[in-house]
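Novice: Handing you a structure now.
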Amino acid sequence: MSVIEVAVLGFGQTKYKTSRADVGTPELVFEAVSRALADSDTELRDIDAVVFASAPEVFEGVYEPERWCIDAFGGVGKPLIRVHTGGATGGSGPLAASRLISSGMYENVLVVGLQRTSETADAQQVFTTIFDPIYEQDVQLNVITGIALVASRQMEFFGLTEDHMAAISVKNFDNALRNPYAHLHKRITEQDVKDSRQLAWPLRLLHTCPRSDGAAAVVMSSGEKARNRSSAAWVRGLGCAADVYRIGDRIHDTESDYAIPRAQAWSAQQAYTEAGIIDPRRELDVVEVYAPFSNLEVAYYEALGLAPHGKGIELVETGATTMQGDIPVVPSGGCMTANPIGATGLIRFGEAALQVMGRAGDHQVDGARLALATACGGIDQFYTSAVLASEPKQ
Amino acid sequence: MTIPSPRVGIAGSRVLGPAVELPGALDALIYNATSAALDDAGMSITDVDGACMAASDLLDGRAISTMTLTGSTGSFRKTEMRVCNDSLAAVLVGAAEVASGAADALIVCSWSKLSDADSNAVLPLAMEPVFHRALGFHPAAVLDLRRSAESGAATVTADQSLESRDVAVATILVAGDSPRARAHVIGFGASTGPYLRPGEPVLDPVRAAATAACDMAGVSVNDLSAVHVAGLARVDDDALADSLGVATGMLVRPAEPWADLGYAAGLTAMCRAHEAQTTGPVLVVSAGGLGYENAFAVVMEQT
């Protein structure tokens, strides 16, 4: 069955900061949405449905924040669906919108991503409640300590070192200097990373992401509409996969190792298959990966098929993923320099769209025609992948 | 270019509850519903491509409530989507995944375990913190005020409170042309009203959602055999029927109209409508929010 093609017409985002105290939450949404509408040359009246992507509502402190913000994105009288898959929320938003369009239900869908983490006193306290309430919450595991365990396993599994992690941090912070919307604008050295405060061994402060307030929005449409536009990013392939959560569920599972996020590989493979990509390292021009910790980015190189098994660290050592390399990863600076959680995956998606439309400004990868955007939620659990192209399928 | 039809099939379904308390942990409850729906469809977990669910973090008491539930919802190594709306929204998104050809079969599920939660503590948090929350309004009071503003006279919509219930519900959606389909969902609609804006007609979103679903299905309200109503307990039958343009006698309310099923209400009503085996197109409507402003509707018919 041939289905309706889907394309991104435009992307808008806010400036990301620790606290956007200068605006209220609906105003933050308005800022992103009005930029997306302008960027896509679309009027609100042309929008048929809205997908609102925001992760735990305890961050905003308002139950069902999409309804509070409805006037800010012109949702009155329109279908409104909120998606939430943890950190993958911003990836699930455009995925849901794509299905709504390609099924023929709606032609133009606005996707809005929001998170205002500054309203929460301690984000990690929120994250302790994602775990099983009977067996695990009392352990006070949180995202940082969980990822630290993953990093220590990666050191054993494929030889990850603090040098690799520091090089990733420096690369991403350098890239962010070219992105005016990034939260952290700071030139750092590998020594700065190694001297930064230790959070949970081997993770240090400069291996991790900031807490950010921010919103993002994309306008997506049918291919028929997009063909009339001077620029559009075409959705060539989508993937989505979930993994089990409990460590006990993986015992004696030879395919499973926390060093390499296998559900990211499953998700990416779906997207590659749909897009007809056989050799992602050679065919992709740029990757916007959702990696809020430097050690995770290295693992994703392998999961995304950019490096052979156990060889992700070689991409760091050769500089292949820098702006000057053959496969730049997060030219925007990525999650490590701005992380409004529920919006973060949508930012990756929007940045990938900008790249293939040739409109990424100072962080544009020359000649980018095929891009991958990912998102991750839970503890190595929910993954989305999207392949975007500068041209529709022939 | 072939435009796919948003028509999808229902291969099986199961509702557990509603009951004051369904014993067991949340994941066991959901597992029982999803596996019973698969049994009802004559399918196994290997036959489905993923899961789409409707769930509330705050009512489940976890920041990402679906995180610990991958096994029981059936999404391990498959696609997973979650909506935070009434479960008819999960039907809509799940149907889009099937109708687009991205999935051949999908579990759509929802749950509400209010025996472990206090919805009266959660729902007022939908009021924004600066201007409204300090007023301490219960959502029912908000609805009364909206109805009063609309009618120009003080209106108390109902003097009975909602009663918390536990429920877990799942259905298996398949492609519209699948031989497994025992019923079809042929129309989808949704609409949203303004946030806390007095004077706006309360039932406008429900009417708009129902109209959109009927339009997509290619049926008029005169063609409908029944209208199954999820939630909306505080709106009387005459007002709802008048808004939808149907006879009051066509409305089918749940056996316990005052049961609060949370996000699971819509899918529960859809599954009950499926079980009823009514001939002809059937409309299912639901609405959530501080005054029913987030409305969804589907039109279904038996195969």
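Convention: chains lettered A, B, ... in structure tokens order; per-chain residue numbering from 1; ligands numbered from 1 as shown.
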Applying 8 Å and only C-alpha atoms, which residues near range 34-48 of chain A remain after dropping the ones on its own chain fewer than 6 positions away? List them as a PyMOL selection string.
Specialist: chain A and resi 9-13+73-74+78-79+106-110+217-219
Novice: Chain B residues within 6 Å of chain A, counting only C-alpha atoms: which ones, as a PyMOL selection string?
Specialist: chain B and resi 2+4+6+62-64+70+76-79+82-84+96-97+99-100+125-126+190-195
Novice: I'd like the contact shell of Ala373 in chain A - 10 Å cut-off, only C-alpha atoms, skipping same-chain residues fewer than 4 positions apart - returned as a list of chain:residue names.
Specialist: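 Result of the neighbour search: A:Gly91, A:Leu238, A:Ala268, A:Val286, A:Val287, A:Glu288, A:Val289, A:Tyr290, A:Val329, A:Val330, A:Gly345, A:Leu346, A:Ile347, A:Arg348, A:Phe349, A:Gly350, A:Glu351, A:Ala352, A:Ala353, A:Thr384, A:Ser385, A:Ala386, A:Val387, A:Leu388.
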Novice: Could you write out the selected residues, including N, CA and C atoms, as a PDB file, in the first residue's frame?
Specialist:
ATOM      1  N   GLY A  91      10.149  12.997  20.498  1.00  0.00           N
ATOM      2  CA  GLY A  91      10.248  12.159  19.304  1.00  0.00           C
ATOM      3  C   GLY A  91       8.919  11.504  18.986  1.00  0.00           C
ATOM      4  N   LEU A 238      10.544   6.250   9.819  1.00  0.00           N
ATOM      5  CA  LEU A 238      10.292   6.439  11.246  1.00  0.00           C
ATOM      6  C   LEU A 238      10.469   5.114  11.963  1.00  0.00           C
ATOM      7  N   ALA A 268      16.148   2.547  15.188  1.00  0.00           N
ATOM      8  CA  ALA A 268      16.864   3.107  14.035  1.00  0.00           C
ATOM      9  C   ALA A 268      16.740   2.186  12.827  1.00  0.00           C
ATOM     10  N   VAL A 286      24.162  13.889   8.512  1.00  0.00           N
ATOM     11  CA  VAL A 286      24.212  14.523   9.824  1.00  0.00           C
ATOM     12  C   VAL A 286      23.260  13.770  10.759  1.00  0.00           C
ATOM     13  N   VAL A 287      23.608  13.768  12.037  1.00  0.00           N
ATOM     14  CA  VAL A 287      22.791  13.076  13.042  1.00  0.00           C
ATOM     15  C   VAL A 287      22.526  14.023  14.207  1.00  0.00           C
ATOM     16  N   GLU A 288      21.260  14.142  14.577  1.00  0.00           N
ATOM     17  CA  GLU A 288      20.885  14.863  15.799  1.00  0.00           C
ATOM     18  C   GLU A 288      20.420  13.816  16.797  1.00  0.00           C
ATOM     19  N   VAL A 289      21.340  13.331  17.583  1.00  0.00           N
ATOM     20  CA  VAL A 289      21.046  12.248  18.518  1.00  0.00           C
ATOM     21  C   VAL A 289      20.643  12.829  19.877  1.00  0.00           C
ATOM     22  N   TYR A 290      19.729  12.146  20.524  1.00  0.00           N
ATOM     23  CA  TYR A 290      19.277  12.562  21.862  1.00  0.00           C
ATOM     24  C   TYR A 290      20.207  11.896  22.874  1.00  0.00           C
ATOM     25  N   VAL A 329      27.737  14.864  14.407  1.00  0.00           N
ATOM     26  CA  VAL A 329      26.672  14.486  15.342  1.00  0.00           C
ATOM     27  C   VAL A 329      26.382  15.684  16.257  1.00  0.00           C
ATOM     28  N   VAL A 330      25.129  16.001  16.387  1.00  0.00           N
ATOM     29  CA  VAL A 330      24.591  17.164  17.098  1.00  0.00           C
ATOM     30  C   VAL A 330      25.332  18.479  16.787  1.00  0.00           C
ATOM     31  N   GLY A 345      13.403  16.000  22.263  1.00  0.00           N
ATOM     32  CA  GLY A 345      13.340  15.149  21.074  1.00  0.00           C
ATOM     33  C   GLY A 345      12.788  15.909  19.871  1.00  0.00           C
ATOM     34  N   LEU A 346      11.867  16.809  20.134  1.00  0.00           N
ATOM     35  CA  LEU A 346      11.311  17.612  19.039  1.00  0.00           C
ATOM     36  C   LEU A 346      12.358  18.601  18.514  1.00  0.00           C
ATOM     37  N   ILE A 347      13.216  19.066  19.393  1.00  0.00           N
ATOM     38  CA  ILE A 347      14.310  19.944  18.953  1.00  0.00           C
ATOM     39  C   ILE A 347      15.266  19.173  18.046  1.00  0.00           C
ATOM     40  N   ARG A 348      15.557  17.926  18.420  1.00  0.00           N
ATOM     41  CA  ARG A 348      16.427  17.103  17.557  1.00  0.00           C
ATOM     42  C   ARG A 348      15.767  16.953  16.172  1.00  0.00           C
ATOM     43  N   PHE A 349      14.473  16.689  16.188  1.00  0.00           N
ATOM     44  CA  PHE A 349      13.722  16.494  14.938  1.00  0.00           C
ATOM     45  C   PHE A 349      13.719  17.793  14.123  1.00  0.00           C
ATOM     46  N   GLY A 350      13.451  18.902  14.795  1.00  0.00           N
ATOM     47  CA  GLY A 350      13.417  20.195  14.094  1.00  0.00           C
ATOM     48  C   GLY A 350      14.782  20.595  13.570  1.00  0.00           C
ATOM     49  N   GLU A 351      15.831  20.329  14.361  1.00  0.00           N
ATOM     50  CA  GLU A 351      17.187  20.659  13.911  1.00  0.00           C
ATOM     51  C   GLU A 351      17.584  19.812  12.698  1.00  0.00           C
ATOM     52  N   ALA A 352      17.181  18.535  12.720  1.00  0.00           N
ATOM     53  CA  ALA A 352      17.465  17.678  11.564  1.00  0.00           C
ATOM     54  C   ALA A 352      16.728  18.207  10.324  1.00  0.00           C
ATOM     55  N   ALA A 353      15.510  18.676  10.538  1.00  0.00           N
ATOM     56  CA  ALA A 353      14.740  19.250   9.420  1.00  0.00           C
ATOM     57  C   ALA A 353      15.440  20.486   8.869  1.00  0.00           C
ATOM     58  N   THR A 384      12.837   6.643  19.727  1.00  0.00           N
ATOM     59  CA  THR A 384      12.256   6.977  18.430  1.00  0.00           C
ATOM     60  C   THR A 384      13.391   7.388  17.497  1.00  0.00           C
ATOM     61  N   SER A 385      13.169   7.172  16.217  1.00  0.00           N
ATOM     62  CA  SER A 385      14.142   7.571  15.199  1.00  0.00           C
ATOM     63  C   SER A 385      13.378   8.120  14.004  1.00  0.00           C
ATOM     64  N   ALA A 386      13.943   9.142  13.395  1.00  0.00           N
ATOM     65  CA  ALA A 386      13.303   9.719  12.202  1.00  0.00           C
ATOM     66  C   ALA A 386      14.377  10.073  11.187  1.00  0.00           C
ATOM     67  N   VAL A 387      14.188   9.631   9.963  1.00  0.00           N
ATOM     68  CA  VAL A 387      15.090   9.995   8.872  1.00  0.00           C
ATOM     69  C   VAL A 387      14.400  11.073   8.041  1.00  0.00           C
ATOM     70  N   LEU A 388      15.065  12.200   7.907  1.00  0.00           N
ATOM     71  CA  LEU A 388      14.517  13.327   7.150  1.00  0.00           C
ATOM     72  C   LEU A 388      15.404  13.603   5.940  1.00  0.00           C
TER      73      LEU A 388
END
Novice: Which residue, B:Ser44, B:Asn120, B:Ser110, B:Thr248, has the smallest gap to Ala89 in chain B when you use only C-alpha atoms?
Specialist: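 So, comparing all the options, the nearest one is B:Ser110.
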Novice: From a DSSP pass on the backbone, collect the residues of range 154-351 of chain A flagged as helix (DSSP H, G or I) and hand them back as an mmCIF file with C-alpha atoms, in the first residue's frame.
Specialist:
data_model
loop_
_atom_site.group_PDB
_atom_site.id
_atom_site.type_symbol
_atom_site.label_atom_id
_atom_site.label_comp_id
_atom_site.auth_asym_id
_atom_site.auth_seq_id
_atom_site.Cartn_x
_atom_site.Cartn_y
_atom_site.Cartn_z
ATOM 1 C CA GLN A 154 30.767 0.849 28.968
ATOM 2 C CA MET A 155 34.289 1.252 30.342
ATOM 3 C CA GLU A 156 34.419 -2.499 30.827
ATOM 4 C CA PHE A 157 32.561 -3.403 27.647
ATOM 5 C CA PHE A 158 34.206 -1.294 24.938
ATOM 6 C CA GLU A 162 37.242 9.755 30.630
ATOM 7 C CA ASP A 163 39.185 11.090 27.623
ATOM 8 C CA HIS A 164 36.466 9.896 25.238
ATOM 9 C CA MET A 165 33.751 11.404 27.389
ATOM 10 C CA ALA A 166 35.629 14.698 27.682
ATOM 11 C CA ALA A 167 36.123 14.877 23.908
ATOM 12 C CA ILE A 168 32.376 14.441 23.354
ATOM 13 C CA SER A 169 31.611 17.219 25.834
ATOM 14 C CA VAL A 170 34.065 19.613 24.184
ATOM 15 C CA LYS A 171 32.677 18.838 20.717
ATOM 16 C CA ASN A 172 29.095 19.484 21.773
ATOM 17 C CA PHE A 173 29.872 22.651 23.714
ATOM 18 C CA ASP A 174 31.842 23.956 20.718
ATOM 19 C CA ASN A 175 28.917 23.225 18.414
ATOM 20 C CA ALA A 176 26.524 25.024 20.738
ATOM 21 C CA GLU A 190 38.956 18.554 28.057
ATOM 22 C CA GLN A 191 40.758 19.533 31.239
ATOM 23 C CA ASP A 192 37.763 21.642 32.289
ATOM 24 C CA VAL A 193 35.614 18.530 31.893
ATOM 25 C CA LYS A 194 37.988 16.401 33.940
ATOM 26 C CA ASP A 195 38.175 19.069 36.634
ATOM 27 C CA LEU A 205 29.113 17.907 35.736
ATOM 28 C CA LEU A 206 30.377 18.622 32.216
ATOM 29 C CA HIS A 207 29.411 15.133 31.061
ATOM 30 C CA GLY A 223 3.550 15.680 0.772
ATOM 31 C CA GLU A 224 0.991 17.157 -1.563
ATOM 32 C CA LYS A 225 1.072 20.429 0.378
ATOM 33 C CA ALA A 226 4.841 20.325 0.749
ATOM 34 C CA ILE A 247 17.376 -5.555 35.027
ATOM 35 C CA GLY A 248 15.945 -8.901 36.066
ATOM 36 C CA ASP A 249 14.035 -9.115 32.787
ATOM 37 C CA ARG A 250 17.384 -9.165 30.961
ATOM 38 C CA ARG A 262 19.574 -2.166 21.864
ATOM 39 C CA ALA A 263 16.124 -0.545 21.616
ATOM 40 C CA GLN A 264 17.792 2.436 19.947
ATOM 41 C CA ALA A 265 19.205 0.006 17.401
ATOM 42 C CA TRP A 266 15.782 -1.587 16.841
ATOM 43 C CA SER A 267 14.175 1.811 16.407
ATOM 44 C CA ALA A 268 16.864 3.107 14.035
ATOM 45 C CA GLN A 269 16.740 -0.059 11.960
ATOM 46 C CA GLN A 270 13.001 0.416 11.435
ATOM 47 C CA ALA A 271 13.594 3.950 10.229
ATOM 48 C CA TYR A 272 16.485 2.907 7.999
ATOM 49 C CA THR A 273 14.447 0.096 6.451
ATOM 50 C CA GLU A 274 11.573 2.468 5.722
ATOM 51 C CA ALA A 275 13.993 5.013 4.274
ATOM 52 C CA PRO A 280 23.951 4.761 7.612
ATOM 53 C CA ARG A 281 27.555 5.867 8.126
ATOM 54 C CA ARG A 282 27.971 6.452 4.407
ATOM 55 C CA GLU A 283 24.460 7.612 3.520
ATOM 56 C CA SER A 294 28.524 12.171 26.873
ATOM 57 C CA ASN A 295 28.949 8.431 27.478
ATOM 58 C CA LEU A 296 25.554 7.742 25.906
ATOM 59 C CA GLU A 297 26.498 9.494 22.671
ATOM 60 C CA VAL A 298 29.389 7.060 22.176
ATOM 61 C CA ALA A 299 27.089 4.090 22.725
ATOM 62 C CA TYR A 300 24.602 5.473 20.230
ATOM 63 C CA TYR A 301 27.266 5.573 17.499
ATOM 64 C CA GLU A 302 27.206 1.803 17.528
ATOM 65 C CA ALA A 303 23.453 1.454 18.085
ATOM 66 C CA GLY A 312 32.080 3.618 18.729
ATOM 67 C CA ILE A 313 35.031 5.080 20.571
ATOM 68 C CA GLU A 314 36.992 5.145 17.304
ATOM 69 C CA LEU A 315 34.625 7.804 15.988
ATOM 70 C CA VAL A 316 35.643 9.937 18.944
ATOM 71 C CA GLU A 317 39.316 9.226 18.479
ATOM 72 C CA THR A 318 39.237 10.108 14.759
ATOM 73 C CA CYS A 335 20.874 17.774 24.689
ATOM 74 C CA MET A 336 24.119 18.371 26.541
ATOM 75 C CA THR A 337 23.724 22.100 25.960
ATOM 76 C CA ILE A 341 12.990 17.310 28.508
ATOM 77 C CA GLY A 342 9.620 16.889 26.780
ATOM 78 C CA ALA A 343 10.662 19.247 23.985
ATOM 79 C CA THR A 344 14.193 17.907 23.540
ATOM 80 C CA GLY A 345 13.340 15.149 21.074
ATOM 81 C CA LEU A 346 11.311 17.612 19.039
ATOM 82 C CA ILE A 347 14.310 19.944 18.953
ATOM 83 C CA ARG A 348 16.427 17.103 17.557
ATOM 84 C CA PHE A 349 13.722 16.494 14.938
ATOM 85 C CA GLY A 350 13.417 20.195 14.094
ATOM 86 C CA GLU A 351 17.187 20.659 13.911
#
Novice: Contacts of range 167-176 of chain B at 6 Å or less, counting only C-alpha atoms, minus same-chain residues fewer than 5 places along, as an MDAnalysis selection string?
Specialist: chainID B and resid 7:18 30 33:34 37 98 104:112
Novice: Could you check the closest approach to Thr211 in chain B for each of B:Ala183, B:Ala247, B:Val122, B:Leu224 and tell me which residue wins, using only C-alpha atoms?
Specialist: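 That would be B:Leu224, the residue with the smallest distance to Thr211 in chain B.
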Novice: As a VMD selection string, please: the residues near Val29 in chain A (cut-off 7 Å, only C-alpha atoms, same-chain neighbours under 6 positions excluded).
Specialist: chain A and resid 72 to 73 114 215
Novice: For CA of Gly159 in chain A and CA of Phe293 in chain A, quote the distance in Å rounded to one decimal.
Specialist: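 It comes out at 16.8 Å.
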Novice: When you count only C-alpha atoms, which of these residues is closest to Pro392 in chain A: A:Asn339, A:Thr374, A:Ser231, A:Gln198?
Specialist: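 Looking only at the distances to Pro392 in chain A, the closest residue turns out to be A:Ser231.
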Novice: Using only C-alpha atoms, which of B:Leu114, B:Ala36, B:Ala41, B:Ala233 sits nearest Ala140 in chain B?
Specialist: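 Closest to Ala140 in chain B, using only C-alpha atoms: B:Ala233.
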Novice: Quick check, in Å to one decimal: how far apart do CA of Ala117 in chain B and CA of Ala295 in chain B lie?
Specialist: 23.8 Å
